[in-house]
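Okay, work09.cif now, which holds mmCIF, C-alpha atoms and all ligand atoms:
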```cif
data_input
#
loop_
_atom_site.label_atom_id
_atom_site.label_comp_id
_atom_site.auth_asym_id
_atom_site.auth_seq_id
_atom_site.Cartn_x
_atom_site.Cartn_y
_atom_site.Cartn_z
CA MET A 404 -7.22 -2.02 -17.24
CA SER A 405 -6.35 -5.58 -18.28
CA GLN A 406 -2.67 -6.33 -18.11
CA PRO A 407 -0.71 -7.91 -20.93
CA SER A 408 0.26 -11.53 -20.39
CA THR A 409 3.95 -10.61 -20.20
CA ILE A 410 3.32 -8.91 -16.84
CA THR A 411 1.44 -11.91 -15.54
CA ALA A 412 4.19 -14.28 -16.60
CA SER A 413 6.96 -12.16 -15.10
CA THR A 414 4.92 -11.62 -11.94
CA VAL A 415 4.64 -15.37 -11.44
CA ALA A 416 8.37 -15.79 -12.01
CA ALA A 417 9.27 -12.90 -9.71
CA THR A 418 6.99 -14.17 -6.95
CA ALA A 419 8.59 -17.60 -7.12
CA ARG A 420 12.09 -16.14 -7.09
CA SER A 421 11.34 -13.67 -4.28
CA ALA A 422 11.01 -16.44 -1.69
CA GLY A 423 14.51 -17.67 -2.54
CA ILE A 424 15.89 -14.14 -2.40
CA GLU A 425 14.36 -13.65 1.06
CA ALA A 426 16.23 -16.72 2.27
CA GLU A 427 19.50 -15.36 0.87
CA LEU A 428 18.78 -11.98 2.44
CA SER A 429 18.63 -13.56 5.86
CA ARG A 430 21.74 -15.64 5.23
CA VAL A 431 24.03 -13.13 3.49
CA PRO A 432 22.43 -9.67 3.71
CA ARG A 433 25.69 -7.94 2.88
CA SER A 434 25.79 -9.44 -0.59
CA PHE A 435 22.83 -7.25 -1.53
CA ARG A 436 22.88 -3.70 -2.74
CA ILE A 437 19.33 -2.49 -2.96
CA LEU A 438 17.93 0.47 -4.86
CA THR A 439 14.49 1.71 -4.03
CA GLY A 440 12.87 5.09 -4.44
CA ASP A 441 9.94 7.39 -5.01
CA ARG A 442 9.04 10.41 -7.06
CA PRO A 443 8.89 13.63 -5.05
CA THR A 444 5.34 14.54 -6.05
CA GLY A 445 3.92 15.15 -2.58
CA PRO A 446 3.82 13.68 0.89
CA LEU A 447 3.94 9.90 1.22
CA HIS A 448 0.82 8.21 2.52
CA LEU A 449 -0.01 5.09 4.48
CA GLY A 450 -0.15 3.02 1.28
CA HIS A 451 3.50 3.91 0.70
CA TYR A 452 4.31 3.11 4.30
CA PHE A 453 2.85 -0.39 4.30
CA GLY A 454 3.74 -1.05 0.65
CA THR A 455 7.37 0.05 0.54
CA LEU A 456 8.75 2.18 3.37
CA GLN A 457 8.36 -0.48 6.02
CA ASN A 458 10.01 -3.03 3.77
CA ARG A 459 13.01 -0.85 2.96
CA VAL A 460 13.60 -0.28 6.67
CA ARG A 461 13.39 -4.05 7.21
CA LEU A 462 16.00 -4.64 4.48
CA GLN A 463 18.28 -2.01 5.99
CA ASP A 464 17.91 -3.62 9.42
CA LEU A 465 18.76 -7.02 7.98
CA GLY A 466 22.12 -5.53 6.98
CA ALA A 467 21.73 -4.96 3.23
CA ASP A 468 23.22 -1.85 1.61
CA VAL A 469 20.08 0.19 0.94
CA LEU A 470 20.04 3.22 -1.36
CA VAL A 471 16.90 5.33 -1.39
CA LEU A 472 16.42 7.42 -4.50
CA VAL A 473 14.47 10.64 -4.57
CA ALA A 474 13.56 10.45 -8.25
CA ASP A 475 13.36 14.15 -9.00
CA TYR A 476 13.92 13.86 -12.75
CA GLN A 477 11.07 11.35 -12.88
CA ALA A 478 8.81 13.85 -11.17
CA ILE A 479 8.97 16.02 -14.30
CA THR A 480 7.88 13.30 -16.73
CA ASP A 481 4.29 14.54 -16.55
CA ARG A 482 4.47 17.93 -14.83
CA HIS A 483 6.63 21.01 -14.51
CA ALA A 484 8.91 21.23 -11.51
CA GLY A 485 7.42 24.48 -10.26
CA GLY A 486 8.42 25.97 -6.96
CA GLY A 487 7.31 23.09 -4.77
CA LEU A 488 9.91 20.55 -5.80
CA ALA A 489 12.51 21.35 -3.13
CA ALA A 490 9.89 21.08 -0.39
CA ASP A 491 8.69 17.75 -1.79
CA VAL A 492 12.27 16.45 -1.94
CA LEU A 493 12.98 17.36 1.69
CA GLY A 494 9.57 15.98 2.63
CA LEU A 495 10.53 12.62 1.13
CA VAL A 496 13.78 12.64 3.07
CA ALA A 497 11.81 13.34 6.26
CA ASP A 498 9.28 10.57 5.49
CA ASN A 499 12.08 8.04 5.01
CA LEU A 500 13.98 9.03 8.13
CA ALA A 501 10.82 9.11 10.26
CA ALA A 502 9.92 5.63 9.02
CA GLY A 503 13.28 4.34 10.22
CA ILE A 504 15.81 4.80 7.44
CA ASP A 505 19.12 5.40 9.22
CA PRO A 506 21.41 7.79 7.35
CA GLY A 507 24.39 6.19 9.06
CA ARG A 508 23.73 2.92 7.25
CA ALA A 509 21.56 3.77 4.25
CA THR A 510 22.02 6.33 1.47
CA ILE A 511 19.36 8.81 0.42
CA PHE A 512 20.07 10.72 -2.78
CA ALA A 513 18.43 12.65 -5.60
CA HIS A 514 19.25 11.68 -9.15
CA SER A 515 19.62 15.25 -10.34
CA GLN A 516 22.64 15.43 -8.03
CA ALA A 517 24.42 12.34 -9.39
CA ALA A 518 25.65 13.66 -12.75
CA ALA A 519 27.27 10.45 -13.96
CA LEU A 520 24.06 8.50 -13.39
CA ASN A 521 22.24 10.69 -15.86
CA GLN A 522 24.99 10.45 -18.46
CA LEU A 523 24.69 6.66 -18.43
CA MET A 524 21.32 7.06 -20.06
CA LEU A 525 22.98 7.89 -23.41
CA PRO A 526 24.81 4.61 -24.01
CA PHE A 527 21.80 2.77 -22.60
CA LEU A 528 19.46 4.44 -25.10
CA SER A 529 21.73 3.19 -27.87
CA LEU A 530 21.13 -0.40 -26.77
CA LEU A 531 17.34 -0.27 -27.21
CA SER A 532 15.03 0.23 -30.14
CA VAL A 533 12.29 2.85 -30.20
CA ALA A 534 9.75 0.02 -30.55
CA GLU A 535 11.04 -1.73 -27.42
CA VAL A 536 10.90 1.41 -25.35
CA GLY A 537 7.41 2.16 -26.68
CA ARG A 538 6.05 -1.24 -25.66
CA ASN A 539 6.41 -0.64 -21.90
CA PRO A 540 2.93 -1.34 -20.45
CA THR A 541 3.51 0.72 -17.29
CA VAL A 542 4.39 3.84 -19.25
CA LYS A 543 1.23 3.37 -21.34
CA GLU A 544 -0.90 3.11 -18.20
CA GLU A 545 0.74 6.05 -16.48
CA PHE A 546 0.32 8.11 -19.59
CA SER A 547 -3.35 7.27 -19.98
CA ALA A 548 -3.84 8.29 -16.34
CA THR A 549 -2.70 11.83 -17.22
CA GLY A 550 -5.92 12.19 -19.20
CA GLY A 551 -4.97 13.31 -22.67
CA ALA A 552 -1.83 15.31 -21.89
CA VAL A 553 0.96 15.27 -24.47
CA MET A 554 3.48 12.52 -23.73
CA SER A 555 6.86 14.08 -23.06
CA ALA A 556 9.90 12.33 -24.50
CA LEU A 557 11.14 12.01 -20.93
CA MET A 558 7.98 10.10 -19.97
CA PHE A 559 8.54 7.86 -23.01
CA THR A 560 12.13 7.09 -22.00
CA TYR A 561 11.87 7.16 -18.21
CA PRO A 562 12.25 3.38 -17.81
CA VAL A 563 15.65 3.73 -19.50
CA HIS A 564 16.51 6.42 -16.97
CA GLN A 565 15.41 4.02 -14.25
CA ALA A 566 17.78 1.42 -15.71
CA ALA A 567 20.51 4.04 -15.34
CA ASP A 568 19.50 4.55 -11.68
CA ILE A 569 19.77 0.87 -10.94
CA LEU A 570 22.90 0.10 -12.94
CA ALA A 571 24.77 3.27 -11.94
CA CYS A 572 24.54 2.11 -8.33
CA ARG A 573 25.29 -1.51 -9.37
CA ALA A 574 22.29 -2.57 -7.36
CA ASN A 575 21.48 -6.26 -7.57
CA LEU A 576 18.05 -6.08 -5.96
CA VAL A 577 15.11 -3.77 -6.59
CA PRO A 578 12.07 -4.03 -4.30
CA VAL A 579 9.08 -3.22 -6.48
CA GLY A 580 5.37 -3.42 -6.86
CA GLN A 581 4.05 -5.39 -9.79
CA ASP A 582 3.66 -2.23 -11.89
CA GLN A 583 7.42 -1.69 -11.84
CA LEU A 584 8.38 -5.17 -13.05
CA PRO A 585 8.63 -4.14 -16.72
CA HIS A 586 11.26 -1.56 -15.72
CA VAL A 587 13.41 -4.14 -13.98
CA GLU A 588 13.01 -6.39 -17.01
CA LEU A 589 14.19 -3.55 -19.27
CA THR A 590 17.12 -2.90 -16.92
CA ARG A 591 18.16 -6.53 -17.27
CA THR A 592 17.95 -6.24 -21.06
CA VAL A 593 20.17 -3.16 -21.01
CA ALA A 594 22.70 -4.86 -18.70
CA ARG A 595 22.74 -8.03 -20.80
CA ARG A 596 23.21 -6.15 -24.07
CA PHE A 597 25.92 -3.93 -22.63
CA ASN A 598 27.78 -7.00 -21.38
CA GLU A 599 27.40 -8.83 -24.72
CA ARG A 600 28.57 -5.85 -26.71
CA TYR A 601 31.28 -4.33 -24.55
CA SER A 602 32.45 -6.86 -21.99
CA PRO A 603 31.73 -10.34 -23.36
CA GLN A 604 34.63 -12.02 -21.49
CA HIS A 605 33.89 -10.61 -18.04
CA PRO A 606 30.29 -9.40 -17.85
CA PHE A 607 30.50 -5.94 -16.28
CA PHE A 608 26.95 -5.46 -15.01
CA ARG A 609 25.25 -7.86 -12.64
CA LEU A 610 21.66 -8.49 -13.67
CA PRO A 611 19.45 -6.96 -10.97
CA GLU A 612 16.47 -8.89 -9.68
CA PRO A 613 13.09 -7.60 -8.58
CA LEU A 614 11.89 -8.34 -5.07
CA LEU A 615 8.12 -8.39 -4.92
CA GLY A 616 6.56 -7.23 -1.67
CA THR A 617 4.43 -9.63 0.34
CA ALA A 618 2.36 -7.05 2.23
CA ALA A 619 -1.34 -6.91 1.43
CA LEU A 620 -2.09 -3.94 -0.77
CA LEU A 621 -3.79 -1.22 1.24
CA PRO A 622 -6.70 0.26 -0.72
CA GLY A 623 -7.74 3.88 -0.33
CA LEU A 624 -10.52 5.13 1.92
CA ASP A 625 -13.03 4.58 -0.89
CA GLY A 626 -11.95 0.99 -1.54
CA GLN A 627 -10.19 1.96 -4.80
CA LYS A 628 -6.43 1.95 -5.34
CA MET A 629 -4.88 4.37 -2.82
CA SER A 630 -3.42 7.31 -4.71
CA LYS A 631 -3.02 10.99 -4.13
CA SER A 632 -4.76 11.87 -7.38
CA ARG A 633 -7.91 10.06 -6.20
CA GLY A 634 -7.91 11.99 -2.91
CA ASN A 635 -8.42 8.80 -0.90
CA THR A 636 -5.21 8.71 1.09
CA ILE A 637 -4.09 9.40 4.62
CA PRO A 638 -0.71 11.16 4.54
CA LEU A 639 1.95 9.68 6.78
CA ALA A 640 2.46 13.20 8.15
CA ALA A 641 -1.23 13.91 8.85
CA THR A 642 -2.06 15.05 12.38
CA GLU A 643 -4.38 13.01 14.59
CA ALA A 644 -7.18 15.50 13.97
CA GLN A 645 -6.65 15.41 10.19
CA THR A 646 -6.65 11.62 10.33
CA ALA A 647 -9.93 11.63 12.23
CA ARG A 648 -11.45 14.04 9.70
CA LEU A 649 -10.35 12.00 6.69
CA ILE A 650 -11.70 8.79 8.17
CA ARG A 651 -14.96 10.45 9.23
CA ALA A 652 -15.47 11.62 5.64
CA ALA A 653 -14.92 8.14 4.19
CA ARG A 654 -17.98 6.58 2.59
CA THR A 655 -19.45 3.41 4.02
CA ASP A 656 -22.59 1.48 3.15
CA GLY A 657 -26.01 1.27 4.81
CA GLN A 658 -25.45 -2.00 6.61
CA ARG A 659 -25.10 -1.70 10.37
CA HIS A 660 -23.41 -5.08 10.81
CA ILE A 661 -19.70 -4.76 10.03
CA SER A 662 -18.13 -7.60 8.05
CA TYR A 663 -14.94 -7.98 6.05
CA ASP A 664 -15.89 -8.62 2.44
CA PRO A 665 -13.65 -6.70 0.01
CA ALA A 666 -15.61 -7.72 -3.10
CA ALA A 667 -19.11 -6.87 -1.84
CA ARG A 668 -18.24 -4.09 0.63
CA PRO A 669 -15.08 -2.36 -0.66
CA GLU A 670 -15.36 0.85 1.40
CA VAL A 671 -16.05 -0.82 4.74
CA SER A 672 -13.46 -3.50 4.04
CA SER A 673 -10.70 -1.06 3.24
CA LEU A 674 -11.31 0.70 6.56
CA ILE A 675 -11.18 -2.65 8.35
CA LEU A 676 -7.98 -3.60 6.53
CA LEU A 677 -6.37 -0.32 7.50
CA ALA A 678 -7.07 -0.96 11.19
CA ALA A 679 -5.90 -4.55 10.77
CA MET A 680 -2.57 -3.50 9.26
CA CYS A 681 -2.01 -0.91 11.96
CA GLN A 682 -2.71 -3.42 14.72
CA GLY A 683 -1.14 -6.46 13.07
CA GLN A 684 -4.38 -8.41 13.39
CA PRO A 685 -6.50 -10.32 10.88
CA PRO A 686 -9.24 -8.13 9.33
CA ALA A 687 -11.95 -10.64 10.26
CA SER A 688 -11.28 -10.27 13.97
CA ILE A 689 -11.43 -6.45 13.76
CA ALA A 690 -14.80 -6.77 12.02
CA ALA A 691 -16.05 -9.30 14.59
CA GLU A 692 -15.13 -6.98 17.46
CA ILE A 693 -17.24 -4.22 15.97
CA GLY A 694 -20.09 -6.48 14.99
CA ASP A 695 -23.41 -4.62 15.05
CA ARG A 696 -22.07 -1.35 16.35
CA GLY A 697 -22.00 0.15 12.86
CA ALA A 698 -19.90 2.51 10.76
CA ALA A 699 -19.44 5.14 13.46
CA ARG A 700 -17.82 2.61 15.77
CA LEU A 701 -15.73 1.25 12.87
CA LYS A 702 -14.43 4.73 12.11
CA ALA A 703 -13.54 5.35 15.73
CA VAL A 704 -11.62 2.07 15.86
CA VAL A 705 -9.76 2.82 12.63
CA THR A 706 -8.87 6.36 13.71
CA GLU A 707 -7.52 5.13 17.00
CA ALA A 708 -5.56 2.32 15.29
CA VAL A 709 -3.92 4.69 12.78
CA ASN A 710 -3.10 7.36 15.32
CA GLU A 711 -1.71 4.81 17.76
CA ARG A 712 0.40 3.03 15.13
CA PHE A 713 1.91 6.23 13.72
CA ARG A 714 2.25 8.34 16.85
CA ALA A 715 6.01 7.86 17.27
CA ILE A 716 6.76 8.08 13.54
CA ARG A 717 4.76 11.30 13.26
CA ALA A 718 6.42 12.86 16.28
CA ARG A 719 9.80 12.07 14.78
CA ARG A 720 8.69 13.46 11.44
CA ARG A 721 7.62 16.74 13.02
CA GLU A 722 11.04 17.10 14.64
CA LEU A 723 12.75 16.39 11.33
CA ALA A 724 10.56 18.80 9.39
CA ALA A 725 11.53 21.52 11.84
CA ASP A 726 15.20 21.02 10.96
CA PRO A 727 15.58 21.42 7.18
CA ALA A 728 19.31 22.03 7.55
CA TYR A 729 19.67 18.51 8.92
CA LEU A 730 17.55 17.04 6.11
CA ARG A 731 19.69 18.85 3.57
CA ALA A 732 22.87 17.58 5.21
CA VAL A 733 21.61 13.98 5.08
CA LEU A 734 20.73 14.40 1.43
CA ARG A 735 24.07 16.02 0.62
CA ARG A 736 25.97 13.12 2.14
CA GLY A 737 23.84 10.64 0.23
CA ASN A 738 24.31 12.59 -2.99
CA GLU A 739 28.07 12.45 -2.52
CA ARG A 740 28.11 8.70 -2.10
CA ALA A 741 25.74 8.10 -5.02
CA ALA A 742 27.70 10.48 -7.25
CA ALA A 743 30.92 8.63 -6.42
CA LEU A 744 29.36 5.23 -7.13
CA ALA A 745 27.85 6.42 -10.40
CA GLY A 746 31.13 8.11 -11.35
CA ASP A 747 33.00 4.82 -10.93
CA THR A 748 30.41 3.03 -13.02
CA LEU A 749 30.58 5.65 -15.78
CA ASP A 750 34.40 5.51 -15.82
CA SER A 751 34.28 1.75 -16.35
CA VAL A 752 31.55 2.04 -18.95
CA ARG A 753 33.53 4.60 -20.94
CA ARG A 754 36.68 2.48 -20.71
CA LEU A 755 34.83 -0.65 -21.89
CA MET A 756 33.30 1.34 -24.75
CA GLY A 757 36.73 2.55 -25.87
CA MET A 758 36.01 6.11 -24.85
CA SER A 759 39.26 6.75 -23.01
CA TYR A 760 41.16 9.59 -24.59
N1 LIG B 801 9.58 4.67 -10.91
C1 LIG B 801 9.49 4.56 -9.48
C2 LIG B 801 8.09 5.03 -9.07
O1 LIG B 801 7.42 5.70 -9.82
C3 LIG B 801 10.52 5.38 -8.75
C4 LIG B 801 11.92 4.99 -9.12
C5 LIG B 801 12.77 5.67 -9.94
C6 LIG B 801 12.62 3.81 -8.73
N2 LIG B 801 13.93 5.00 -10.08
C7 LIG B 801 13.90 3.88 -9.35
C8 LIG B 801 12.32 2.72 -7.93
C9 LIG B 801 14.85 2.87 -9.20
C10 LIG B 801 13.27 1.72 -7.77
C11 LIG B 801 14.52 1.79 -8.41
O2 LIG B 801 7.68 4.73 -7.98
#
```

Translate this file's structure into structure tokens.
Amino acid sequence: MSQPSTITASTVAATARSAGIEAELSRVPRSFRILTGDRPTGPLHLGHYFGTLQNRVRLQDLGADVLVLVADYQAITDRHAGGGLAADVLGLVADNLAAGIDPGRATIFAHSQAAALNQLMLPFLSLLSVAEVGRNPTVKEEFSATGGAVMSALMFTYPVHQAADILACRANLVPVGQDQLPHVELTRTVARRFNERYSPQHPFFRLPEPLLGTAALLPGLDGQKMSKSRGNTIPLAATEAQTARLIRAARTDGQRHISYDPAARPEVSSLILLAAMCQGQPPASIAAEIGDRGAARLKAVVTEAVNERFRAIRARRRELAADPAYLRAVLRRGNERAAALAGDTLDSVRRLMGMSY
């Protein structure tokens, strides 16, 4: 799908700004409060790991205050919660901890458990027009991907809810993929309008900035975008045997000589890139090592690279999954901190709006 020029323009601006933010992050990490998160719609996969998990651990280790949101209300924008939600929520907690999020330094919380956060959505909705909310290109794309379902009003307004996530925590930095830039832009609009209307002398909300990732985007096993709905992922929590099976089933082409050429050979190239990311090597040198030994050799190399790279993380994840009481305790502590932060924000918002009775 072609993207509107507004995304392109803001992507260029965000990319330029992200380099400067990285420098500040190294210099004064403690001046950053970072909100990042995922929807609990199933186990995270290697695309999530390389695209976001690894980066949030890096930011935590730099010394920034990292909050990780389990976006459970966003999971019901296009589906019913059903019975699996609690398992998916705890699974996300386990994925984050296994990847290196340290509950002693970072905060993991679910937005259904931070009541004040959700209440902030009401004043925020009053600051936006229906037309503005309806223009969000990401919502349009996500909706069209549901294939003709009825758009729920929560799907329509979820970027406003995301603004509440970010502003409730008073985060000033939001690591995002390009698809999430319109939401950060909307969050800035909400913050700016709130400040203009209710706290013109001393702007209450800081305007959060997006931080665009620099990691190469990992395509799925078929060379298309990696996503659970396409069935082309390798779950972070997969066993070594499952990993081998998934990679064995991946399609390749008829050419025996292995070369890295994403445009002409998407399937082969995405396998090469996966091995390259796991081993921290350039894709071309992985391809050169395999040379004429064909797809079977390529698949063996990729399987070994993935299983090697994720062995420790997966072992840790298995231990965590076996201890749901611990996962729940981590989440409860995170929920308490997030609820307190959001409660403070809501108190100030109500005071500034003259709602103190
Ligand atoms: N919308 C994000 C996604 O679909 C998840 C999310 C919800 C989020 N609230 C957030 C991400 C706040 C960053 C900040 O992946």

Show me which residues are within 7 Å of ligand LIG 801 (chain B) counting only C-alpha atoms and all ligand atoms, and format the list as a PDB file with C-alpha atoms, keeping the file's coordinate frame.
```pdb
ATOM      1  CA  LEU A 438      17.930   0.470  -4.860  1.00  0.00           C
ATOM      2  CA  THR A 439      14.490   1.710  -4.030  1.00  0.00           C
ATOM      3  CA  GLY A 440      12.870   5.090  -4.440  1.00  0.00           C
ATOM      4  CA  ASP A 441       9.940   7.390  -5.010  1.00  0.00           C
ATOM      5  CA  ARG A 442       9.040  10.410  -7.060  1.00  0.00           C
ATOM      6  CA  LEU A 472      16.420   7.420  -4.500  1.00  0.00           C
ATOM      7  CA  ALA A 474      13.560  10.450  -8.250  1.00  0.00           C
ATOM      8  CA  GLN A 477      11.070  11.350 -12.880  1.00  0.00           C
ATOM      9  CA  GLN A 565      15.410   4.020 -14.250  1.00  0.00           C
ATOM     10  CA  ASP A 568      19.500   4.550 -11.680  1.00  0.00           C
ATOM     11  CA  ILE A 569      19.770   0.870 -10.940  1.00  0.00           C
ATOM     12  CA  VAL A 577      15.110  -3.770  -6.590  1.00  0.00           C
ATOM     13  CA  PRO A 578      12.070  -4.030  -4.300  1.00  0.00           C
ATOM     14  CA  VAL A 579       9.080  -3.220  -6.480  1.00  0.00           C
ATOM     15  CA  GLN A 583       7.420  -1.690 -11.840  1.00  0.00           C
TER      16      GLN A 583
END
```

A:Asn635 surroundings by all atoms listed in the file, 9 Å radius, close-in-sequence under 6 positions cut, as a ChimeraX atom specification: /A:622-629,649,653

Atom-to-atom span, atom CA of A:Leu621 and atom CA of A:Gly450, Å: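 Between atom CA of A:Leu621 and atom CA of A:Gly450 the gap is 5.6 Å.
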
Atomic distance atom CA of A:Pro686 - atom CA of A:Leu614, expressed in Å with one decimal: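 Between these atoms lies a distance of 25.6 Å.
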
Residues within 8 Å of (10.4, 13.9, -4.1), file coords, only C-alpha atoms, listed as a list in words: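 Answer for this query, in the requested form: Asp441, Arg442, Pro443, Thr444, Gly445, Val473, Ala474, Asp475, Ala478, Leu488, Ala489, Asp491, Val492, Leu493, Gly494 and Leu495 of chain A.
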
Grab the residues selected above and save them as a compact mmCIF listing (two decimals), in the frame of the given file with C-alpha atoms.
```
# COMPACT_ATOMS: atom_id res chain seq x y z
CA ASP A 441 9.94 7.39 -5.01
CA ARG A 442 9.04 10.41 -7.06
CA PRO A 443 8.89 13.63 -5.05
CA THR A 444 5.34 14.54 -6.05
CA GLY A 445 3.92 15.15 -2.58
CA VAL A 473 14.47 10.64 -4.57
CA ALA A 474 13.56 10.45 -8.25
CA ASP A 475 13.36 14.15 -9.00
CA ALA A 478 8.81 13.85 -11.17
CA LEU A 488 9.91 20.55 -5.80
CA ALA A 489 12.51 21.35 -3.13
CA ASP A 491 8.69 17.75 -1.79
CA VAL A 492 12.27 16.45 -1.94
CA LEU A 493 12.98 17.36 1.69
CA GLY A 494 9.57 15.98 2.63
CA LEU A 495 10.53 12.62 1.13
```

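Counting only C-alpha atoms and comparing A:Val709, A:Leu530, A:Leu462, A:Val733, the residue that lies closest to A:Ala644 is A:Val709.
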
Polymer residues at most 12 Å from A:Glu599, only C-alpha atoms, same-chain spacing of 6 or more positions, as a ChimeraX atom specification: /A:530,592-593,605-608,755-756

Taking (23.8, 18.0, -2.1) in the coordinates of the supplied file, I want to know which residues reach to within 12 Å of it, counting all atoms listed in the file; could you give the answer as a compact mmCIF listing (two decimals) with C-alpha atoms, keeping the file's coordinate frame?
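That gives us selection-v5.txt:
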```txt
# COMPACT_ATOMS: atom_id res chain seq x y z
CA ALA A 489 12.51 21.35 -3.13
CA VAL A 492 12.27 16.45 -1.94
CA LEU A 493 12.98 17.36 1.69
CA ILE A 511 19.36 8.81 0.42
CA PHE A 512 20.07 10.72 -2.78
CA ALA A 513 18.43 12.65 -5.60
CA HIS A 514 19.25 11.68 -9.15
CA SER A 515 19.62 15.25 -10.34
CA GLN A 516 22.64 15.43 -8.03
CA ALA A 517 24.42 12.34 -9.39
CA ALA A 518 25.65 13.66 -12.75
CA ALA A 728 19.31 22.03 7.55
CA TYR A 729 19.67 18.51 8.92
CA LEU A 730 17.55 17.04 6.11
CA ARG A 731 19.69 18.85 3.57
CA ALA A 732 22.87 17.58 5.21
CA VAL A 733 21.61 13.98 5.08
CA LEU A 734 20.73 14.40 1.43
CA ARG A 735 24.07 16.02 0.62
CA ARG A 736 25.97 13.12 2.14
CA GLY A 737 23.84 10.64 0.23
CA ASN A 738 24.31 12.59 -2.99
CA GLU A 739 28.07 12.45 -2.52
CA ARG A 740 28.11 8.70 -2.10
CA ALA A 741 25.74 8.10 -5.02
CA ALA A 742 27.70 10.48 -7.25
```

Given only C-alpha atoms as the counted atoms, nearest of A:Ala501, A:Gln463, A:Thr642, A:Ser555 to A:Arg482: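 Looking only at the distances to A:Arg482, the closest residue turns out to be A:Ser555.
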
Which residue of A:Thr411, A:Thr646, A:Pro669, A:Val752 approaches A:Val705 most closely, using only C-alpha atoms: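 Nearest candidate to A:Val705 out of A:Thr411, A:Thr646, A:Pro669, A:Val752: A:Thr646.
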
Stretch 687-697 of chain A: which residues within 7 Å, counting all atoms listed in the file, same-chain residues fewer than 6 positions away excluded, as a PDB file with C-alpha atoms, keeping the file's coordinate frame?
```pdb
ATOM      1  CA  ARG A 659     -25.100  -1.700  10.370  1.00  0.00           C
ATOM      2  CA  HIS A 660     -23.410  -5.080  10.810  1.00  0.00           C
ATOM      3  CA  ILE A 661     -19.700  -4.760  10.030  1.00  0.00           C
ATOM      4  CA  SER A 662     -18.130  -7.600   8.050  1.00  0.00           C
ATOM      5  CA  TYR A 663     -14.940  -7.980   6.050  1.00  0.00           C
ATOM      6  CA  ILE A 675     -11.180  -2.650   8.350  1.00  0.00           C
ATOM      7  CA  ALA A 679      -5.900  -4.550  10.770  1.00  0.00           C
TER       8      ALA A 679
END
```

Residue contacts of A:Gln457 (10 Å, all atoms listed in the file) excluding same-chain residues fewer than 2 positions away, as number ranges by chain: A: 451-455, 459-462, 499, 502-504, 618

Minimum-distance residue to A:Met680, chosen among A:Ala743, A:Asp468, A:Leu620, A:Pro506 (using all atoms listed in the file): A:Leu620

Residue nearest A:Ser532 among A:Arg420, A:Glu427, A:His483, A:Thr560 (counting all atoms listed in the file):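 Result for the nearest residue to A:Ser532: A:Thr560.
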
Point-to-point distance in Å for atom CA of A:Val587 and atom CA of A:Val563: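 According to the coordinates, atom CA of A:Val563 and atom CA of A:Val587 are separated by 9.9 Å.
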
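For the set A:Ala519, A:Ala698, A:Ala594, A:Leu576, the residue with the smallest atom-to-atom gap to A:Ala652 is A:Ala698, counting all atoms listed in the file.
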